[in-house]
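S.K.: Just one file: query_33.txt, with compact mmCIF, C-alpha atoms.
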# COMPACT_ATOMS: atom_id res chain seq x y z
CA MET A 442 63.53 -123.00 -37.48
CA ASP A 443 60.53 -121.33 -39.09
CA SER A 444 57.77 -123.85 -39.84
CA THR A 445 57.28 -122.70 -43.46
CA LEU A 446 60.99 -123.06 -44.10
CA LYS A 447 61.01 -126.55 -42.55
CA PHE A 448 58.09 -127.60 -44.76
CA LEU A 449 59.82 -126.34 -47.91
CA ILE A 450 63.07 -128.07 -47.02
CA LYS A 451 61.21 -131.35 -46.48
CA LEU A 452 59.41 -130.89 -49.84
CA GLY A 453 62.75 -130.23 -51.52
CA ALA A 454 63.65 -133.88 -50.93
CA LEU A 455 61.32 -134.76 -53.83
CA LYS A 456 63.72 -133.02 -56.21
CA GLU A 457 66.27 -135.69 -55.33
CA LYS A 458 64.00 -138.73 -55.13
CA PRO A 459 64.13 -140.88 -58.30
CA ARG A 460 60.87 -142.56 -59.28
CA ARG A 461 61.07 -146.18 -58.25
CA GLY A 462 59.27 -147.60 -61.28
CA TRP A 463 61.96 -146.20 -63.59
CA GLN A 464 64.71 -147.44 -61.32
CA ALA A 465 63.16 -150.90 -61.56
CA HIS A 466 63.42 -150.57 -65.36
CA GLN A 467 67.08 -149.52 -64.97
CA ILE A 468 66.49 -146.16 -66.60
CA PRO A 469 69.67 -144.08 -66.31
CA ASP A 470 69.10 -140.82 -64.38
CA ALA A 471 65.47 -141.68 -63.75
CA GLU A 472 63.25 -138.64 -63.28
CA THR A 473 62.43 -137.57 -59.73
CA THR A 474 59.03 -137.31 -58.06
CA ALA A 475 59.30 -133.50 -58.36
CA SER A 476 59.86 -133.77 -62.14
CA HIS A 477 56.75 -135.93 -62.43
CA ILE A 478 54.73 -133.44 -60.38
CA PHE A 479 55.99 -130.56 -62.56
CA ARG A 480 54.66 -132.00 -65.83
CA THR A 481 51.50 -133.35 -64.18
CA ILE A 482 50.65 -129.77 -63.22
CA PHE A 483 51.02 -128.55 -66.81
CA LEU A 484 49.08 -131.51 -68.15
CA ALA A 485 46.29 -130.82 -65.66
CA TRP A 486 46.18 -127.19 -66.71
CA VAL A 487 46.36 -127.80 -70.47
CA LEU A 488 43.93 -130.74 -70.63
CA GLY A 489 41.75 -129.42 -67.81
CA SER A 490 41.14 -126.21 -69.75
CA LYS A 491 39.28 -128.30 -72.35
CA LYS A 492 36.70 -129.15 -69.69
CA ARG A 493 34.48 -127.22 -67.34
CA LEU A 494 36.66 -127.68 -64.31
CA ASN A 495 37.99 -125.53 -61.50
CA ILE A 496 41.55 -125.13 -62.82
CA ASN A 497 42.80 -123.52 -59.63
CA LYS A 498 41.68 -126.56 -57.63
CA LEU A 499 43.00 -128.95 -60.29
CA ILE A 500 46.47 -127.40 -60.31
CA LYS A 501 46.66 -127.40 -56.51
CA MET A 502 45.61 -131.05 -56.55
CA ALA A 503 48.33 -131.92 -59.04
CA LEU A 504 50.81 -130.11 -56.78
CA VAL A 505 49.93 -132.10 -53.66
CA HIS A 506 49.12 -135.48 -55.21
CA ASP A 507 52.51 -137.12 -54.59
CA ILE A 508 54.01 -134.98 -51.80
CA CYS A 509 53.44 -137.82 -49.32
CA GLU A 510 56.45 -139.46 -51.01
CA VAL A 511 58.70 -137.26 -48.89
CA PHE A 512 58.04 -139.94 -46.25
CA ALA A 513 56.37 -142.75 -48.19
CA LYS A 514 57.76 -145.25 -50.66
CA ASP A 515 56.98 -144.56 -54.34
CA GLU A 516 54.94 -147.72 -54.96
CA THR A 517 54.52 -149.29 -58.39
CA PRO A 518 51.77 -151.61 -59.71
CA TYR A 519 54.30 -154.45 -59.36
CA ASP A 520 54.73 -154.03 -55.61
CA PRO A 521 55.01 -156.02 -53.37
CA LEU A 522 56.58 -158.41 -55.93
CA LEU A 523 59.60 -156.16 -56.57
CA PRO A 524 62.71 -156.32 -54.40
CA ALA A 525 63.25 -153.44 -51.98
CA SER A 526 66.41 -152.36 -53.78
CA PHE A 527 67.60 -152.86 -57.36
CA ASP A 528 71.31 -152.62 -56.60
CA SER A 529 72.42 -156.25 -56.74
CA VAL A 530 72.71 -158.36 -59.91
CA GLN A 531 70.30 -160.85 -58.38
CA ALA A 532 67.72 -158.13 -57.64
CA GLN A 533 68.04 -156.72 -61.17
CA ARG A 534 67.50 -160.16 -62.75
CA LYS A 535 64.51 -160.82 -60.52
CA THR A 536 63.07 -157.40 -61.40
CA GLU A 537 63.55 -157.91 -65.15
CA ASN A 538 61.62 -161.19 -64.96
CA ILE A 539 58.81 -159.60 -62.99
CA LEU A 540 58.52 -156.68 -65.41
CA GLN A 541 58.21 -158.95 -68.45
CA GLN A 542 54.62 -159.72 -67.52
CA TRP A 543 51.52 -157.95 -66.38
CA PRO A 544 51.35 -157.93 -62.54
CA LYS A 545 48.96 -160.71 -61.55
CA PHE A 546 46.81 -160.16 -58.47
CA SER A 547 43.31 -161.37 -57.64
CA LEU A 548 40.56 -158.79 -57.11
CA ALA A 549 40.80 -159.32 -53.33
CA GLN A 550 44.59 -158.86 -53.41
CA LYS A 551 44.27 -155.70 -55.50
CA LYS A 552 41.75 -154.26 -53.04
CA LYS A 553 43.93 -155.03 -50.03
CA LYS A 554 47.06 -153.70 -51.73
CA ASN A 555 45.27 -150.45 -52.56
CA ARG A 556 43.90 -150.03 -49.03
CA LEU A 557 47.30 -150.55 -47.40
CA LYS A 558 48.97 -148.16 -49.85
CA TYR A 559 46.37 -145.51 -49.04
CA GLN A 560 46.92 -145.96 -45.30
CA ARG A 561 50.71 -145.75 -45.61
CA GLU A 562 50.53 -142.66 -47.80
CA LYS A 563 48.00 -140.88 -45.61
CA LYS A 564 50.22 -141.41 -42.57
CA ALA A 565 53.20 -140.04 -44.52
CA LEU A 566 51.16 -137.08 -45.75
CA ARG A 567 50.10 -136.17 -42.20
CA LYS A 568 53.70 -136.38 -41.07
CA LEU A 569 54.74 -133.99 -43.84
CA LEU A 570 51.81 -131.63 -43.25
CA SER A 571 52.74 -131.34 -39.57
CA PHE A 572 55.51 -129.06 -40.91
CA ALA A 573 53.16 -127.11 -43.22
CA PRO A 574 51.73 -123.69 -42.33
CA SER A 575 48.70 -124.46 -40.17
CA VAL A 576 46.33 -122.37 -42.30
CA LEU A 577 47.05 -124.58 -45.34
CA ARG A 578 47.22 -128.03 -43.71
CA ARG A 579 43.54 -128.78 -43.98
CA GLU A 580 43.27 -127.63 -47.59
CA MET A 581 46.26 -129.72 -48.64
CA GLU A 582 44.88 -132.83 -46.94
CA GLU A 583 41.40 -132.28 -48.43
CA LEU A 584 42.89 -131.93 -51.91
CA TRP A 585 44.99 -135.07 -51.50
CA GLU A 586 41.95 -136.99 -50.19
CA ASP A 587 39.84 -135.74 -53.09
CA PHE A 588 42.53 -136.89 -55.55
CA GLU A 589 42.95 -140.30 -53.91
CA LYS A 590 39.23 -141.05 -53.67
CA GLY A 591 38.10 -139.16 -56.78
CA LEU A 592 35.57 -137.24 -54.71
CA SER A 593 35.02 -134.36 -57.14
CA LYS A 594 35.18 -134.10 -60.91
CA GLU A 595 38.55 -132.36 -60.49
CA GLY A 596 39.76 -135.25 -58.30
CA ARG A 597 38.72 -137.86 -60.84
CA PHE A 598 40.28 -135.92 -63.70
CA ALA A 599 43.54 -135.28 -61.79
CA LYS A 600 43.89 -138.99 -61.07
CA GLN A 601 43.81 -139.75 -64.79
CA VAL A 602 46.13 -136.85 -65.61
CA ASP A 603 48.66 -138.31 -63.16
CA LYS A 604 48.55 -141.65 -64.98
CA ALA A 605 48.65 -139.97 -68.40
CA GLU A 606 51.88 -138.17 -67.43
CA ASN A 607 53.30 -141.49 -66.27
CA PHE A 608 52.28 -143.08 -69.58
CA LEU A 609 53.89 -140.26 -71.59
CA GLN A 610 57.12 -140.56 -69.60
CA GLY A 611 57.09 -144.34 -70.00
CA MET A 612 56.76 -144.06 -73.75
CA GLU A 613 59.53 -141.44 -73.89
CA TYR A 614 61.81 -143.79 -71.97
CA TRP A 615 60.78 -146.65 -74.27
CA ALA A 616 61.80 -144.58 -77.32
CA LYS A 617 65.08 -143.58 -75.69
CA TYR A 618 66.18 -146.75 -73.90
CA GLY A 619 63.81 -149.50 -75.00
CA ARG A 620 63.66 -150.95 -71.51
CA ILE A 621 59.92 -150.49 -71.10
CA GLN A 622 57.43 -153.19 -72.07
CA ARG A 623 55.62 -150.99 -74.59
CA ASP A 624 52.81 -153.43 -75.34
CA LEU A 625 51.97 -153.91 -71.67
CA TRP A 626 51.77 -150.13 -71.28
CA LEU A 627 49.50 -149.77 -74.31
CA ARG A 628 47.26 -152.44 -72.82
CA TRP A 629 47.26 -150.70 -69.43
CA ALA A 630 46.17 -147.43 -71.07
CA LYS A 631 43.08 -149.06 -72.57
CA GLU A 632 41.97 -150.33 -69.19
CA ILE A 633 42.49 -147.27 -67.02
CA PHE A 634 41.57 -144.12 -68.96
CA ASP A 635 37.93 -143.24 -69.45
CA ASP A 636 37.78 -139.46 -69.59
CA PRO A 637 37.28 -138.50 -73.28
CA VAL A 638 39.87 -135.70 -73.16
CA ILE A 639 42.50 -138.01 -71.64
CA VAL A 640 41.58 -140.91 -73.95
CA ASP A 641 42.18 -138.59 -76.94
CA PHE A 642 45.49 -137.40 -75.54
CA VAL A 643 46.65 -140.97 -74.88
CA LYS A 644 45.61 -142.01 -78.40
CA THR A 645 47.81 -139.22 -79.78
CA ILE A 646 50.77 -140.57 -77.80
CA GLU A 647 49.96 -144.11 -78.94
CA LYS A 648 49.85 -143.09 -82.62
CA GLN A 649 53.26 -141.47 -82.22
CA VAL A 650 54.65 -144.49 -80.37
CA VAL A 651 53.50 -147.15 -82.86
CA LYS A 652 55.20 -145.37 -85.73
CA THR A 653 58.39 -144.81 -83.74
CA LYS A 654 61.15 -147.35 -83.42
CA SER A 655 62.77 -147.60 -80.06
CA LYS A 656 66.30 -146.25 -80.47
CA LYS A 657 67.81 -148.83 -78.19
CA GLN A 658 66.83 -152.39 -77.58
CA PRO A 659 66.41 -153.68 -74.05
CA LYS A 660 69.79 -154.56 -72.77
CA GLN A 661 71.00 -156.55 -69.81
CA ASN A 662 73.07 -154.04 -67.94
CA HIS A 663 73.64 -155.52 -64.56
CA LYS A 664 75.76 -153.54 -62.20
CA LYS A 665 78.61 -155.43 -60.63
CA ASN A 666 78.59 -155.64 -56.88
CA MET B 1253 21.92 -129.12 -71.66
CA ASN B 1254 21.14 -132.69 -70.59
CA ASP B 1255 22.25 -133.80 -67.15
CA GLN B 1256 25.02 -136.36 -67.05
CA LYS B 1257 23.86 -139.83 -65.95
CA PHE B 1258 25.81 -141.83 -63.38
CA TYR B 1259 25.65 -145.61 -63.22
CA LEU B 1260 26.00 -146.73 -59.61
CA SER B 1261 25.92 -150.08 -57.84
CA LYS B 1262 23.57 -150.40 -54.88
CA GLU B 1263 26.58 -150.18 -52.52
CA GLY B 1264 27.89 -147.13 -54.39
CA PHE B 1265 24.51 -145.41 -54.17
CA GLN B 1266 24.24 -146.12 -50.43
CA LYS B 1267 27.77 -144.83 -49.87
CA PHE B 1268 26.88 -141.49 -51.45
CA GLU B 1269 23.63 -141.32 -49.46
CA GLN B 1270 25.48 -141.94 -46.21
CA GLU B 1271 28.13 -139.37 -47.04
CA LEU B 1272 25.46 -136.80 -47.85
CA LYS B 1273 23.70 -137.40 -44.51
CA ARG B 1274 26.98 -137.04 -42.65
CA LEU B 1275 27.90 -133.83 -44.47
CA LEU B 1276 24.50 -132.25 -43.87
CA VAL B 1277 24.83 -132.91 -40.12
CA LEU B 1278 28.37 -131.50 -40.22
CA LYS B 1279 27.18 -128.38 -42.02
CA GLN B 1280 24.44 -127.77 -39.46
CA LYS B 1281 26.90 -128.21 -36.60
CA LYS B 1282 29.31 -125.80 -38.22
CA ILE B 1283 26.65 -123.15 -38.77
CA HIS B 1284 25.31 -123.49 -35.23
CA SER B 1285 28.75 -123.25 -33.73
CA GLY B 1286 28.79 -119.76 -35.25
CA ALA B 1287 31.22 -117.96 -37.50
CA PRO B 1288 34.14 -116.17 -35.92
CA THR B 1289 33.53 -112.41 -36.16
CA ALA B 1290 35.36 -110.87 -39.05
CA LEU B 1291 37.56 -108.07 -37.81
CA HIS B 1292 37.12 -104.75 -39.50
CA SER B 1293 40.72 -104.25 -40.40
CA GLU B 1294 42.75 -104.48 -43.57
CA GLU B 1295 44.55 -107.58 -42.34
CA LEU B 1296 43.35 -111.02 -43.33
CA ASP B 1297 41.34 -112.63 -40.53
CA ILE B 1298 42.66 -116.19 -40.80
CA GLU B 1299 40.04 -117.69 -38.46
CA PHE B 1300 37.15 -116.20 -40.44
CA VAL B 1301 38.64 -117.10 -43.83
CA SER B 1302 39.29 -120.64 -42.67
CA PHE B 1303 35.68 -120.98 -41.43
CA LYS B 1304 34.34 -119.68 -44.76
CA GLU B 1305 36.60 -121.97 -46.77
CA GLU B 1306 35.60 -125.06 -44.79
CA LEU B 1307 31.94 -124.19 -45.21
CA ASP B 1308 32.44 -123.67 -48.96
CA LEU B 1309 34.18 -127.04 -49.25
CA LEU B 1310 31.31 -128.74 -47.42
CA GLU B 1311 28.70 -127.02 -49.57
CA ASN B 1312 30.51 -127.89 -52.80
CA ARG B 1313 30.69 -131.54 -51.85
CA ILE B 1314 27.03 -131.58 -50.76
CA GLU B 1315 26.00 -130.06 -54.09
CA GLU B 1316 28.08 -132.58 -56.01
CA ILE B 1317 26.61 -135.59 -54.17
CA GLU B 1318 23.06 -134.25 -54.54
CA TYR B 1319 23.68 -133.90 -58.29
CA ILE B 1320 25.06 -137.45 -58.51
CA LEU B 1321 22.16 -138.97 -56.56
CA LYS B 1322 19.61 -137.01 -58.62
CA ASN B 1323 21.13 -138.31 -61.85
CA ALA B 1324 22.04 -141.81 -60.68
CA ILE B 1325 20.91 -144.94 -62.50
CA LEU B 1326 21.04 -147.94 -60.22
CA ILE B 1327 22.81 -150.96 -61.70
CA GLU B 1328 20.51 -153.97 -61.41
CA PRO B 1329 21.77 -157.51 -62.00
CA PRO B 1330 20.40 -158.59 -65.41
CA LYS B 1331 17.80 -161.31 -65.69
CA GLY B 1332 17.38 -164.39 -67.89
CA ALA B 1333 19.53 -164.64 -70.99
CA GLU B 1334 21.01 -161.20 -70.30
CA ARG B 1335 23.02 -162.76 -67.46
CA GLU B 1336 25.12 -164.52 -70.07
CA LYS B 1337 26.31 -161.16 -71.39
CA ILE B 1338 28.71 -158.67 -69.89
CA ASN B 1339 26.76 -155.82 -68.42
CA LEU B 1340 27.43 -153.25 -65.72
CA GLY B 1341 28.21 -154.97 -62.43
CA ALA B 1342 29.57 -158.11 -64.11
CA LYS B 1343 32.58 -159.84 -62.62
CA ILE B 1344 34.60 -160.98 -65.62
CA GLU B 1345 37.41 -163.47 -65.96
CA VAL B 1346 39.48 -163.13 -69.12
CA GLU B 1347 42.51 -164.79 -70.63
CA VAL B 1348 45.10 -162.35 -71.98
CA ASN B 1349 48.47 -163.41 -73.35
CA GLY B 1350 48.06 -166.82 -71.74
CA HIS B 1351 47.28 -165.40 -68.30
CA THR B 1352 44.06 -165.02 -66.37
CA ASP B 1353 42.87 -161.61 -65.21
CA GLN B 1354 39.72 -160.46 -63.45
CA PHE B 1355 37.70 -157.26 -63.73
CA ILE B 1356 34.46 -155.80 -62.49
CA LEU B 1357 32.68 -153.55 -65.00
CA VAL B 1358 31.42 -150.40 -63.25
CA GLY B 1359 30.30 -146.85 -64.02
CA THR B 1360 32.90 -144.08 -64.15
CA LEU B 1361 32.27 -142.89 -60.57
CA GLU B 1362 33.12 -146.28 -59.11
CA ALA B 1363 35.98 -147.09 -61.48
CA ASN B 1364 39.22 -147.96 -59.74
CA PRO B 1365 41.55 -149.87 -62.08
CA GLU B 1366 44.01 -150.50 -59.22
CA GLU B 1367 41.27 -152.63 -57.66
CA GLY B 1368 40.24 -154.21 -60.98
CA LYS B 1369 37.14 -152.01 -61.32
CA ILE B 1370 37.12 -151.01 -64.98
CA SER B 1371 34.98 -148.13 -66.23
CA ASN B 1372 32.33 -148.90 -68.84
CA GLU B 1373 33.61 -145.76 -70.60
CA SER B 1374 37.20 -147.01 -70.95
CA LEU B 1375 38.22 -148.52 -74.29
CA LEU B 1376 38.32 -152.01 -72.79
CA GLY B 1377 35.05 -151.49 -70.90
CA ARG B 1378 33.27 -150.42 -74.08
CA ALA B 1379 34.65 -153.39 -76.00
CA LEU B 1380 33.70 -155.95 -73.33
CA PHE B 1381 30.14 -154.67 -72.93
CA GLY B 1382 27.56 -157.15 -74.26
CA LYS B 1383 30.08 -159.94 -74.93
CA LYS B 1384 29.50 -163.59 -73.92
CA ILE B 1385 31.71 -166.40 -72.64
CA GLY B 1386 34.06 -167.66 -75.37
CA GLU B 1387 33.94 -164.41 -77.33
CA GLN B 1388 37.05 -162.38 -77.95
CA VAL B 1389 37.83 -158.71 -77.74
CA VAL B 1390 40.65 -157.21 -79.78
CA LEU B 1391 41.66 -153.60 -79.32
CA GLU B 1392 43.88 -151.63 -81.70
CA ASN B 1393 47.54 -152.16 -80.70
CA GLY B 1394 46.30 -154.29 -77.83
CA PRO B 1395 46.19 -157.97 -76.92
CA VAL B 1396 43.31 -160.41 -77.44
CA TYR B 1397 41.03 -160.84 -74.43
CA THR B 1398 39.12 -164.15 -74.37
CA ILE B 1399 36.12 -164.12 -72.03
CA LYS B 1400 36.21 -167.16 -69.73
CA LYS B 1401 33.64 -166.41 -67.04
CA ILE B 1402 30.86 -163.90 -66.31
CA THR B 1403 29.19 -163.70 -62.90
CA TYR B 1404 26.88 -161.25 -61.15
Just give me the structure as structure tokens.
M.R.:
Amino acid sequence: MDSTLKFLIKLGALKEKPRRGWQAHQIPDAETTASHIFRTIFLAWVLGSKKRLNINKLIKMALVHDICEVFAKDETPYDPLLPASFDSVQAQRKTENILQQWPKFSLAQKKKKNRLKYQREKKALRKLLSFAPSVLRREMEELWEDFEKGLSKEGRFAKQVDKAENFLQGMEYWAKYGRIQRDLWLRWAKEIFDDPVIVDFVKTIEKQVVKTKSKKQPKQNHKKN
Amino acid sequence: MNDQKFYLSKEGFQKFEQELKRLLVLKQKKIHSGAPTALHSEELDIEFVSFKEELDLLENRIEEIEYILKNAILIEPPKGAEREKINLGAKIEVEVNGHTDQFILVGTLEANPEEGKISNESLLGRALFGKKIGEQVVLENGPVYTIKKITY
């Protein structure tokens, strides 16, 4: 089979891969990695245009930032505390308890967790890129590396855009299903965003969220095995 | 227009210096190895384009690091009574919602919230700056952070 076709078929898997964080929150029809990438690209473009950034590079970075998930697990800030699967009643109860609180790790644990995640994702990325057209492999890996390590101003901005999209989606799910710990997310936002354009955008979401009532309250909806 | 200033720890500064040295060597090697000859045809010469793109990437990164190092302000551990306050480089232990959490306050270039490195330009970073043990920080729609420990 043609290499470009193989690469695109592999990438297509992201259209079917639900985001694990939302599955942990028992969000019905949780968005896929591809859906997250789609809006991250627009967010990068729209917010990035307010800054002196290379938009072409920024958009490409948003495109590649999560493609490693074709072969890597979609990790959440609560991993490795979360169960591998959320299918059983027991796993759902355990997950609900874990999600009630902020994930507690020491600085050393956070550092180790981050390093191992990076290594796993880089391995997965290289596996995926082995199917990519050879002329683009290097560029895609460089962009991913830049995003992961925040090497350039575009890389640092894209990293925050990725989290801002996640925050927006989380607050949308909170309004719709109420299964998200809103206050923990608002706290998280104040710790992680530092780019003025993103901070402003997140404040706009926050203003909207605090005057909105969640339509549904968190409900215990354990599947029967 | 004023240049942007970058607060860097000693380790952070050294990391950029080392990367710059490595990239300059790489650039020289690449130039000496010679560019593939561009073919005079209407078709795209992939080898030549790829060489040019790699060189551009290297040069962009070199320029960026040189700019950072030129505008870097080294974070020094504070002295005397200033050590009792949260400043850049401080390792902070806080109590939030009955639980303990730890942060290191860093400049934006070294911020990595996944590793507990909070930017001094984030809302929490700004609020913590200058606070002492026992003091509290309250952010709009956020929890109360009580400062338990500050070390450098």
S.K.: Select all residues from chain B having any atom no more than 10 Å from an atom of chain A (counting all atoms listed in the file, ignoring ligands), output as a VMD selection string.
M.R.: chain B and resid 1298 to 1299 1301 to 1302 1305 to 1306 1309 1312 to 1313 1316 to 1317 1343 1348 to 1349 1351 to 1356 1360 to 1378 1391 to 1395
S.K.: Do a neighbour search on stretch 488-498 of chain A at 8 Å with all atoms listed in the file, toss out local chain neighbours closer than 2 positions, and write the hits as an mmCIF file with C-alpha atoms, in the frame of the given file.
M.R.:
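Saved file around07.cif follows:
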data_model
loop_
_atom_site.group_PDB
_atom_site.id
_atom_site.type_symbol
_atom_site.label_atom_id
_atom_site.label_comp_id
_atom_site.auth_asym_id
_atom_site.auth_seq_id
_atom_site.Cartn_x
_atom_site.Cartn_y
_atom_site.Cartn_z
ATOM 1 C CA LEU A 484 49.080 -131.510 -68.150
ATOM 2 C CA ALA A 485 46.290 -130.820 -65.660
ATOM 3 C CA TRP A 486 46.180 -127.190 -66.710
ATOM 4 C CA ILE A 500 46.470 -127.400 -60.310
ATOM 5 C CA LYS A 501 46.660 -127.400 -56.510
ATOM 6 C CA MET A 502 45.610 -131.050 -56.550
ATOM 7 C CA LEU A 584 42.890 -131.930 -51.910
ATOM 8 C CA LYS A 594 35.180 -134.100 -60.910
ATOM 9 C CA GLU A 595 38.550 -132.360 -60.490
ATOM 10 C CA PHE A 598 40.280 -135.920 -63.700
ATOM 11 C CA VAL A 638 39.870 -135.700 -73.160
ATOM 12 C CA ILE A 639 42.500 -138.010 -71.640
#
S.K.: Would you work out the distance separating atom CA of A:Arg561 from atom CA of A:Lys514, expressed in Å to one decimal?
M.R.: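 Atom CA of A:Lys514 lies 8.7 Å from atom CA of A:Arg561.
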S.K.: From the options A:Ala503, A:Ala513, A:Leu449, A:Val650, which residue's atoms come nearest to A:Gln560, counting all atoms listed in the file?
M.R.: A:Ala513
S.K.: At what distance in Å, to one decimal, does atom CA of A:Ala465 lie from atom CA of A:Pro524?
M.R.: 9.0 Å
S.K.: Give me the residues near B:Ala1324 as a VMD selection string, where near means some atom within 12 Å (using only C-alpha atoms) and where sequence neighbours in that chain fewer than 5 positions away do not count.
M.R.: chain B and resid 1255 to 1262 1264 to 1266 1268 to 1269 1316 to 1319 1359 to 1361
S.K.: Could you check the closest approach to B:Val1346 for each of B:Val1396, B:Ile1283, B:Leu1275, B:Ile1314 and tell me which residue wins, using all atoms listed in the file?
M.R.: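 Distance minimum relative to B:Val1346 lands on B:Val1396.
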S.K.: May I ask which of the residues A:Ala616, A:Leu499, A:Leu570, A:Leu523 is the closest one to A:Ile539, counting all atoms listed in the file?
M.R.: A:Leu523
S.K.: Smallest atom-to-atom distance to A:Gly611: which of A:Lys568, A:Arg578, A:Lys558, A:Arg460, using only C-alpha atoms?
M.R.: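 Residue with the minimum atom-to-atom distance to A:Gly611: A:Arg460.
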S.K.: Find the residues around A:Asp603 up to 10 Å (all atoms listed in the file counted), leave out those fewer than 2 positions away in its own chain, and share them as a list of chain:residue names.
M.R.: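 Result of the neighbour search: A:His477, A:Ile478, A:Arg480, A:Thr481, A:Ile482, A:Leu484, A:Ala485, A:Ala503, A:His506, A:Asp507, A:Phe588, A:Phe598, A:Ala599, A:Lys600, A:Gln601, A:Ala605, A:Glu606, A:Asn607, A:Phe608.
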S.K.: Based on the selection just made, write C-alpha atoms of those residues as a PDB file, in the frame of the given file.
M.R.:
ATOM      1  CA  HIS A 477      56.750-135.930 -62.430  1.00  0.00           C
ATOM      2  CA  ILE A 478      54.730-133.440 -60.380  1.00  0.00           C
ATOM      3  CA  ARG A 480      54.660-132.000 -65.830  1.00  0.00           C
ATOM      4  CA  THR A 481      51.500-133.350 -64.180  1.00  0.00           C
ATOM      5  CA  ILE A 482      50.650-129.770 -63.220  1.00  0.00           C
ATOM      6  CA  LEU A 484      49.080-131.510 -68.150  1.00  0.00           C
ATOM      7  CA  ALA A 485      46.290-130.820 -65.660  1.00  0.00           C
ATOM      8  CA  ALA A 503      48.330-131.920 -59.040  1.00  0.00           C
ATOM      9  CA  HIS A 506      49.120-135.480 -55.210  1.00  0.00           C
ATOM     10  CA  ASP A 507      52.510-137.120 -54.590  1.00  0.00           C
ATOM     11  CA  PHE A 588      42.530-136.890 -55.550  1.00  0.00           C
ATOM     12  CA  PHE A 598      40.280-135.920 -63.700  1.00  0.00           C
ATOM     13  CA  ALA A 599      43.540-135.280 -61.790  1.00  0.00           C
ATOM     14  CA  LYS A 600      43.890-138.990 -61.070  1.00  0.00           C
ATOM     15  CA  GLN A 601      43.810-139.750 -64.790  1.00  0.00           C
ATOM     16  CA  ALA A 605      48.650-139.970 -68.400  1.00  0.00           C
ATOM     17  CA  GLU A 606      51.880-138.170 -67.430  1.00  0.00           C
ATOM     18  CA  ASN A 607      53.300-141.490 -66.270  1.00  0.00           C
ATOM     19  CA  PHE A 608      52.280-143.080 -69.580  1.00  0.00           C
TER      20      PHE A 608
END
S.K.: So how many Å separate atom CA of A:Gln533 and atom CA of A:Thr473, to one decimal?
M.R.: 20.0 Å
S.K.: Check the smallest atom-to-atom distance from each of B:Ile1320, B:Ile1399, B:Leu1310, B:Val1358 to B:Ile1344 using all atoms listed in the file, then report the winner.
M.R.: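 That would be B:Ile1399, the residue with the smallest distance to B:Ile1344.
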S.K.: Atoms are missing here; could stretch 479-491 of chain A be completed with N, CA and C atoms and written as a CSV table (one decimal), in the frame of the given file?
M.R.:
chain,number,residue,atom,x,y,z
A,479,PHE,N,55.9,-131.8,-61.7
A,479,PHE,CA,56.0,-130.6,-62.6
A,479,PHE,C,55.2,-130.7,-63.9
A,480,ARG,N,55.4,-131.9,-64.5
A,480,ARG,CA,54.7,-132.0,-65.8
A,480,ARG,C,53.2,-132.4,-65.6
A,481,THR,N,52.9,-133.0,-64.5
A,481,THR,CA,51.5,-133.4,-64.2
A,481,THR,C,50.7,-132.0,-64.0
A,482,ILE,N,51.3,-131.1,-63.4
A,482,ILE,CA,50.6,-129.8,-63.2
A,482,ILE,C,50.3,-129.2,-64.6
A,483,PHE,N,51.3,-129.1,-65.5
A,483,PHE,CA,51.0,-128.6,-66.8
A,483,PHE,C,50.0,-129.3,-67.6
A,484,LEU,N,50.1,-130.7,-67.5
A,484,LEU,CA,49.1,-131.5,-68.2
A,484,LEU,C,47.7,-131.2,-67.6
A,485,ALA,N,47.6,-131.1,-66.3
A,485,ALA,CA,46.3,-130.8,-65.7
A,485,ALA,C,45.7,-129.5,-66.2
A,486,TRP,N,46.6,-128.5,-66.3
A,486,TRP,CA,46.2,-127.2,-66.7
A,486,TRP,C,45.7,-127.2,-68.2
A,487,VAL,N,46.6,-127.8,-69.0
A,487,VAL,CA,46.4,-127.8,-70.5
A,487,VAL,C,45.1,-128.6,-70.8
A,488,LEU,N,45.1,-129.9,-70.3
A,488,LEU,CA,43.9,-130.7,-70.6
A,488,LEU,C,42.7,-130.3,-69.9
A,489,GLY,N,42.9,-129.8,-68.6
A,489,GLY,CA,41.8,-129.4,-67.8
A,489,GLY,C,41.0,-128.2,-68.4
A,490,SER,N,41.8,-127.4,-69.2
A,490,SER,CA,41.1,-126.2,-69.8
A,490,SER,C,40.2,-126.6,-70.9
A,491,LYS,N,40.2,-127.9,-71.3
A,491,LYS,CA,39.3,-128.3,-72.4
A,491,LYS,C,38.0,-128.7,-71.7
